[in-house]
Amino acid sequence: MNFTNFGRYVLLLKSVFRKPEKLKIYLKEIAKQMDYVGVGSVGLIAIISTFIGAVMTLQIAFQLVSDFIPKTIIGSVNRDSSILELSPTISAIVLAGKIGSAISSEIGSMRVTEQIDALEIMGINAPGYLILPKIISGITMVPMLVIISMFLSITGGYIGGSISGAVTPAEYLQGITTDFNPYTIVVALVKAFVFGFIITSVPAYEGFYVRGGALEVSQASTRAVVISCISILVCDYLVTQLLL
Amino acid sequence: MIEVKDIYKSFSGNDVLQGISGKFEEGVTNLIIGGSGSGKTTLLKCMVGLHQPDSGSVLYDGRDFTPMTYEQRIDVRKEIGMLFQGSALFDSMTVEDNIMFPLNMFTEQTRKEKLERVNFCLERVNLVGKNALFPAELSGGMKKRVGIARAISMNPKYLFCDEPNSGLDPKTSIVIDELIQELTEEFKTTTIVVTHDMNSVMGIGDYILFLHEGKKFWEGSNKEIAHTDIKELNDFVFASRFMKAAKDKF
């Protein structure tokens with residue numbers, strides 16, 4: 001994003017947060033988007049998180065070659081990695097691909113078929129009506145998905161470790177309960193909140209200002225995913241630097 | 001009545017509109033005509049606020065629309081209905097939901113009242129019983145008629161139609177033209193139609209504004225258009241051999 005685009009993005013966000021014309025309709029739209037963003041992504045996040053947790057356990061076990069390090073450390077490392085980094089960041093990148101491209105395509109198609117102009121002519125704040133429900137669903141549902149992801153990633157580590165014999169269930173459970181710092185959950189949820197905002201607002205911006213036809217809509221969709229992923233990684237670093 | 005005064009608009013140094021003025025009366029069908037790239041759609045977009053003119057003003061019954069804030073414009077926009085070139089129906093909504101959408105947003109009517117209004121609008125455009133269909137299930141002409149039904153659902157004072165005949169066969173075009181004219185006379189709306197369809201010009205052009213290369217070249221009615229000696233207008237209106245022959249005969 002160059003500075004012109006960033007300026008337009010900020011101005012679009014200003015329009016997004018204007019007072020809704022009718023709260024009831026916006027609430028209905030928010031519920032619909034929450035269902036799509038949240039409930040519709042649970043399965044995907046569950047599969048990815050469980051396998052990442054299992055693989056993490058195996059890799060940590062593989063790298064622990066010293067007999068002086070207790071095996072309980074596998075559980076601790078998996079727990080902290082899952083909570084602080086893997087669950088928020090991997091979930092956000094996967095959701096950027098799934099939800100981000102859908103948001104960009106939906107709004108972009110509406111733009112090229114004059115549906116957004118139709119909303120404006122009716123006196124409806126198109127950015128507010130189209131984007132606000134998506135942002136609210138993103139900043140509420142992504143943290144919830146990340147919580148599910150954390151739980152399943154740690155559980156996946158337990159299953160993977162037990163099946164492979166890399167770590168015993170007792171050692172793993174001892175590891176995940178030793179020296180747990182609840183603050184890591186706060187950091188993860190702050191990240192999830194920021195990522196939820198990026199995943200919904202950046203693709204919405206790309207779709208809202210698309211010009212042309214079907215080809216440009218698909219290009220905007222690709223651009224939305226790429227920019228979202230880069231923004232997620234940059235913000236991941238910044239939030240980690242600020243909070244840890 | 002809508003009045004445009006000295007509208008200028010350019011895009012990246014390209015002057016698209018150069019000092020356009022005109023008065024569009026209520027209860028009559030006003031046409032903006034011109035060839036491709038003449039600036040007619042840009043003028044329409046300046047009038048409804050989708051483009052901000054570089055200078056000049058647009059007056060809705062004396063209310064200057066151009067300097068208004070976003071909030072002030074909403075009040076005017078609630079009085080505007082617009083039919084888009086591609087109909088611009090919300091494709092994830094049924095016909096009924098499309099027409100009901102502005103009512104849901106801006107009225108406190110009960111569901112029953114809104115449904116009555118939707119059915120009245122559908123009856124007016126001869127689409128009774130099509131409530132549950134989605135836009136993808138409609139023909140081009142039906143989409144236009146649903147677009148008109150949505151445009152009139154809020155009982156607008158001003159009706160804008162951007163190329164209502166594009167992509168339609170001649171018979172359906174005439175049906176749409178007649179519908180626009182009937183609604184204009186019935187509801188006393190100020191109707192502005194952007195078109196380059198000669199059947200529309202001859203059939204419903206109570207007041208015609210002819211644009212050429214971003215300038216106003218001529219204004220008058222469909223009865224006067226055949227008798228002008230403006231070369232650019234004659235080249236546009238009587239472009240085909242058939243029309244030329246018809247003019248010579250006339």
# chains A, B, ... in the order shown; residues from 1 in each chain; ligands from 1
>>> residues_around(residues="range 61-76 of chain A", least_positions_apart="3", cutoff="10 Å", atoms="only C-alpha atoms", output="MDAnalysis selection string")
chainID A and resid 55:58 79:82 154 157:158 161 165:180
>>> select_by_dssp(residues="range 44-234 of chain B", states="helix (DSSP H, G or I)", output="PyMOL selection string")
chain B and resi 44-48+70-77+95-106+111-124+135-137+140-152+170-187+198-204+225-227+231-234
>>> residues_around(residues="range 101-113 of chain B", least_positions_apart="4", cutoff="7 Å", atoms="only C-alpha atoms", output="list in words")
Glu21, Lys22 and Met122 of chain A; Asp97, Arg117 and Met154 of chain B
>>> closest_atom_pairs(of="range 89-109 of chain A", to="range 204-218 of chain A", cutoff="9 Å", atoms="only C-alpha atoms", output="CSV")
residue,atom,partner,partner_atom,distance
A:Gly100,CA,A:Ala204,CA,7.9
A:Ser101,CA,A:Ser218,CA,8.6
A:Ile103,CA,A:Ala204,CA,5.9
A:Ser104,CA,A:Gly207,CA,4.3
A:Ser105,CA,A:Val217,CA,6.0
A:Glu106,CA,A:Gly207,CA,7.4
A:Ile107,CA,A:Gly207,CA,5.0
A:Gly108,CA,A:Gly207,CA,4.0
A:Ser109,CA,A:Val217,CA,6.6
>>> select_by_dssp(residues="range 1-198 of chain B", states="strand (DSSP E or B)", output="number ranges by chain")
B: 2-11, 14-24, 29-33, 55-60, 63-64, 80-83, 158-162, 190-195
>>> write_last_selection(atoms="C-alpha atoms", output="PDB file, in the first residue's frame")
ATOM      1  CA  ILE B   2     -34.301  20.058 -11.424  1.00  0.00           C
ATOM      2  CA  GLU B   3     -32.055  22.755 -12.790  1.00  0.00           C
ATOM      3  CA  VAL B   4     -28.395  22.391 -13.726  1.00  0.00           C
ATOM      4  CA  LYS B   5     -26.347  25.558 -14.046  1.00  0.00           C
ATOM      5  CA  ASP B   6     -23.038  25.807 -15.824  1.00  0.00           C
ATOM      6  CA  ILE B   7     -21.691  22.369 -14.896  1.00  0.00           C
ATOM      7  CA  TYR B   8     -18.029  21.710 -15.574  1.00  0.00           C
ATOM      8  CA  LYS B   9     -16.332  18.377 -14.955  1.00  0.00           C
ATOM      9  CA  SER B  10     -12.981  17.042 -16.042  1.00  0.00           C
ATOM     10  CA  PHE B  11     -11.069  13.822 -15.405  1.00  0.00           C
ATOM     11  CA  ASN B  14      -9.898  15.761 -20.011  1.00  0.00           C
ATOM     12  CA  ASP B  15     -12.876  18.152 -20.072  1.00  0.00           C
ATOM     13  CA  VAL B  16     -15.929  15.914 -20.075  1.00  0.00           C
ATOM     14  CA  LEU B  17     -18.574  18.545 -19.306  1.00  0.00           C
ATOM     15  CA  GLN B  18     -18.142  22.153 -20.367  1.00  0.00           C
ATOM     16  CA  GLY B  19     -20.724  24.550 -18.972  1.00  0.00           C
ATOM     17  CA  ILE B  20     -23.894  22.461 -19.221  1.00  0.00           C
ATOM     18  CA  SER B  21     -27.140  24.162 -18.197  1.00  0.00           C
ATOM     19  CA  GLY B  22     -30.734  23.011 -18.463  1.00  0.00           C
ATOM     20  CA  LYS B  23     -34.107  22.875 -16.747  1.00  0.00           C
ATOM     21  CA  PHE B  24     -35.950  19.593 -16.249  1.00  0.00           C
ATOM     22  CA  THR B  29     -40.062  12.956 -19.568  1.00  0.00           C
ATOM     23  CA  ASN B  30     -36.755  14.755 -19.928  1.00  0.00           C
ATOM     24  CA  LEU B  31     -34.103  13.158 -22.099  1.00  0.00           C
ATOM     25  CA  ILE B  32     -30.369  13.694 -22.165  1.00  0.00           C
ATOM     26  CA  ILE B  33     -29.058  12.396 -25.479  1.00  0.00           C
ATOM     27  CA  SER B  55     -17.994  24.008 -10.824  1.00  0.00           C
ATOM     28  CA  GLY B  56     -21.652  24.814 -11.358  1.00  0.00           C
ATOM     29  CA  SER B  57     -24.717  23.831  -9.407  1.00  0.00           C
ATOM     30  CA  VAL B  58     -27.559  21.336  -9.385  1.00  0.00           C
ATOM     31  CA  LEU B  59     -30.822  22.626  -7.933  1.00  0.00           C
ATOM     32  CA  TYR B  60     -33.554  20.276  -6.721  1.00  0.00           C
ATOM     33  CA  ARG B  63     -32.154  23.432  -3.177  1.00  0.00           C
ATOM     34  CA  ASP B  64     -28.529  23.588  -4.276  1.00  0.00           C
ATOM     35  CA  ILE B  80     -34.539  10.184  -5.677  1.00  0.00           C
ATOM     36  CA  GLY B  81     -35.225   6.937  -7.482  1.00  0.00           C
ATOM     37  CA  MET B  82     -32.777   5.637 -10.039  1.00  0.00           C
ATOM     38  CA  LEU B  83     -32.805   2.944 -12.674  1.00  0.00           C
ATOM     39  CA  TYR B 158     -37.117  12.670  -8.956  1.00  0.00           C
ATOM     40  CA  LEU B 159     -36.594   9.657 -11.200  1.00  0.00           C
ATOM     41  CA  PHE B 160     -33.323   9.087 -13.055  1.00  0.00           C
ATOM     42  CA  CYS B 161     -32.897   6.415 -15.702  1.00  0.00           C
ATOM     43  CA  ASP B 162     -29.470   5.626 -17.124  1.00  0.00           C
ATOM     44  CA  THR B 190     -39.234  14.939 -12.499  1.00  0.00           C
ATOM     45  CA  THR B 191     -37.899  12.236 -14.774  1.00  0.00           C
ATOM     46  CA  ILE B 192     -34.528  12.375 -16.499  1.00  0.00           C
ATOM     47  CA  VAL B 193     -33.598   9.638 -18.938  1.00  0.00           C
ATOM     48  CA  VAL B 194     -30.118   9.303 -20.399  1.00  0.00           C
ATOM     49  CA  THR B 195     -30.338   7.515 -23.705  1.00  0.00           C
TER      50      THR B 195
END
>>> residues_around(residues="Lys247 in chain B", least_positions_apart="2", cutoff="12 Å", atoms="only C-alpha atoms", output="ChimeraX atom specification")
/B:225-229,234-235,237-245,249-250
>>> write_last_selection(atoms="C-alpha atoms", output="CSV table (one decimal), in the first residue's frame")
chain,number,residue,atom,x,y,z
B,225,ILE,CA,-35.9,17.6,-33.3
B,226,ALA,CA,-36.7,16.7,-36.9
B,227,HIS,CA,-36.7,20.3,-38.0
B,228,THR,CA,-33.3,21.4,-36.8
B,229,ASP,CA,-30.4,22.3,-39.0
B,234,ASN,CA,-28.7,15.6,-37.4
B,235,ASP,CA,-25.6,13.4,-37.7
B,237,VAL,CA,-30.4,11.5,-34.8
B,238,PHE,CA,-30.4,10.6,-38.5
B,239,ALA,CA,-27.3,8.5,-38.5
B,240,SER,CA,-28.9,5.5,-40.3
B,241,ARG,CA,-30.0,5.4,-43.9
B,242,PHE,CA,-33.5,4.6,-42.8
B,243,MET,CA,-33.7,7.6,-40.5
B,244,LYS,CA,-32.3,9.8,-43.2
B,245,ALA,CA,-34.9,8.6,-45.7
B,249,LYS,CA,-40.0,12.0,-46.5
B,250,PHE,CA,-41.1,13.9,-43.5
>>> closest_atom_pairs(of="chain B", to="chain A", cutoff="6 Å", atoms="only C-alpha atoms", output="JSON lines")
{"residue": "B:Ile74", "atom": "CA", "partner": "A:Gly123", "partner_atom": "CA", "distance": 4.8}
{"residue": "B:Arg77", "atom": "CA", "partner": "A:Gly123", "partner_atom": "CA", "distance": 5.1}
{"residue": "B:Lys78", "atom": "CA", "partner": "A:Gly123", "partner_atom": "CA", "distance": 5.9}
{"residue": "B:Ala88", "atom": "CA", "partner": "A:Gln115", "partner_atom": "CA", "distance": 4.8}
